[in-house]
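A.B. asks: Can you read through this structure? Questions will come right after.
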Amino acid sequence: MKDEKIKRIYVWQLPVRFYHWLNFLAIITLIITGYLIGSPLAIQSSSEASFSYWFGTIRFLHFSAAFVFFFNFLFRIYWGFVGNKYADWRNFIPTRKEQFKEILDVLKVDILQVKVKPLRSIGHNALAGLTYFLTFLAFLFQSVTGFGMYSAMSDSFLPKLFAWIVPLMGGDFAVRQWHHIMMWFFIIFAIVHVYLVFYHDYVEGRGVTSSMVGGWKFIEKED
């Protein structure tokens, strides 16, 4: 494409980009610390045990990141109602015929690779939007199960709201297992997400990768 046939569109507003990167940092912190909580390292030291508080630090980082993750998630829900059309919550739940058609087109590009024609979507394509909606449900699940377990050791108001989750799901062990399994969902999602971002950047050539930094995408001018 020639430069004169391309125009620049401001797609991702600053709050969306801020949410994205804060969410990235929170999830990375939660995954690493969560894994260590589930499978603690046997660190041996000749110093007095009270001088070594590394596991307590791991737990503190996990709980702190959980609060950041939760409130950042609530903010994104709010921005889905007040942000621009690319951040609108309706982009995440397919209800129109053209959205379902686009889902099939994206599958042909991403999975079957029988179609290489660039997609016309400027913001999230319909399949990406649906996938993010499913991740929002996973966010909610991790939040309520995490706060449910935390409620037994915290006097804070927020965790106590989810104290009913543990008995509902069959006890602390069952909740921990489900919480741990869902962690692997986020790991797999992150791998696929990064791959597809770079892949669509290559196929479409619209600045998908850089758009979450500067907010701008580049599309063809209509004749």
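Note on naming: chains are A, B, ... as they come in the structure tokens, residues start from 1 per chain, ligands start from 1 in the order shown.
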Can you check which parts of stretch 35-131 of chain A lie within 10 Å of stretch 15-20 of chain A? Per residue, the shortest pair of atoms and distance in Å to one decimal, counting only C-alpha atoms, sorted by chain and number, as a tab-separated table.
C.D. replies:
```
residue	atom	partner	partner_atom	distance
A:Phe69	CA	A:Tyr19	CA	9.5
A:Asn72	CA	A:Tyr19	CA	6.4
A:Phe73	CA	A:Tyr19	CA	8.0
A:Phe75	CA	A:Tyr19	CA	7.9
A:Arg76	CA	A:Tyr19	CA	6.8
A:Trp79	CA	A:Val16	CA	7.8
A:Gly80	CA	A:Val16	CA	9.4
A:Gly83	CA	A:Val16	CA	8.5
A:Asn84	CA	A:Val16	CA	9.9
A:Tyr86	CA	A:Val16	CA	9.8
A:Ala87	CA	A:Val16	CA	7.4
```
A.B. asks: Using only C-alpha atoms, which residues sit within 8 Å of A:Phe147 once same-chain residues fewer than 6 positions away are excluded, as a PDB file with N, CA and C atoms, in the first residue's frame?
C.D. replies:
```pdb
ATOM      1  N   LEU A 158     -14.157  -6.143  51.172  1.00  0.00           N
ATOM      2  CA  LEU A 158     -14.324  -6.739  49.854  1.00  0.00           C
ATOM      3  C   LEU A 158     -14.212  -8.263  49.856  1.00  0.00           C
ATOM      4  N   PRO A 159     -13.152  -8.847  50.420  1.00  0.00           N
ATOM      5  CA  PRO A 159     -13.090 -10.318  50.434  1.00  0.00           C
ATOM      6  C   PRO A 159     -14.260 -10.965  51.165  1.00  0.00           C
ATOM      7  N   LYS A 160     -14.741 -10.332  52.230  1.00  0.00           N
ATOM      8  CA  LYS A 160     -15.843 -10.903  52.999  1.00  0.00           C
ATOM      9  C   LYS A 160     -17.121 -11.018  52.170  1.00  0.00           C
ATOM     10  N   PHE A 162     -17.330 -12.271  49.381  1.00  0.00           N
ATOM     11  CA  PHE A 162     -17.269 -13.513  48.601  1.00  0.00           C
ATOM     12  C   PHE A 162     -17.002 -14.733  49.473  1.00  0.00           C
ATOM     13  N   ALA A 163     -17.254 -14.619  50.778  1.00  0.00           N
ATOM     14  CA  ALA A 163     -17.011 -15.744  51.690  1.00  0.00           C
ATOM     15  C   ALA A 163     -17.907 -16.942  51.366  1.00  0.00           C
TER      16      ALA A 163
END
```
A.B. asks: Write out as number ranges by chain each polymer residue whose atoms come within 12 Å of A:Thr135, counting only C-alpha atoms; drop sequence neighbours fewer than 2 positions from it.
C.D. replies: A: 23, 73, 92, 128-133, 137-142, 182-183, 185-190, 193
A.B. asks: Check which residues of stretch 49-133 of chain A sit at most 8 Å from stretch 29-43 of chain A using only C-alpha atoms, and return one row each with the closest pair of atoms and their distance in Å to one decimal, ordered by chain and rising number, as a tab-separated table.
C.D. replies:
```
residue	atom	partner	partner_atom	distance
A:Phe55	CA	A:Ile37	CA	7.8
A:Ile58	CA	A:Thr33	CA	5.7
A:Arg59	CA	A:Thr33	CA	7.0
A:Leu61	CA	A:Thr33	CA	7.1
A:His62	CA	A:Leu30	CA	5.4
A:Ala65	CA	A:Leu30	CA	6.3
A:Ala66	CA	A:Leu30	CA	7.0
```
A.B. asks: Ranking A:Asp105, A:Ile93, A:Val208, A:Val144 by minimum distance to A:Val175 and counting only C-alpha atoms, which one comes first?
C.D. replies: A:Val144
A.B. asks: Smallest atom-to-atom distance to A:Leu168: which of A:Gly148, A:Lys5, A:Ser143, A:Glu102, using only C-alpha atoms?
C.D. replies: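 Answer, going by the shortest atom-to-atom distance: A:Gly148.
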A.B. asks: Do a neighbour search on A:Arg176 at 9 Å with only C-alpha atoms, toss out local chain neighbours closer than 5 positions, and write the hits as a list in words.
C.D. replies: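 Residues near the query, excluding close chain neighbours: Gly38, Thr145, Gly146, Met149, Gly171 and Ile181 of chain A.
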A.B. asks: Write down as a PyMOL selection string the residues of stretch 162-210 of chain A whose backbone DSSP state falls under alpha helix (DSSP H).
C.D. replies: chain A and resi 165-168+172-204+208-210
A.B. asks: Just checking: using only C-alpha atoms, which residue out of A:Val197, A:Leu112, A:Ile28, A:Ile122 ends up closest to A:Arg8?
C.D. replies: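 Selected residue with least distance to A:Arg8: A:Ile122.
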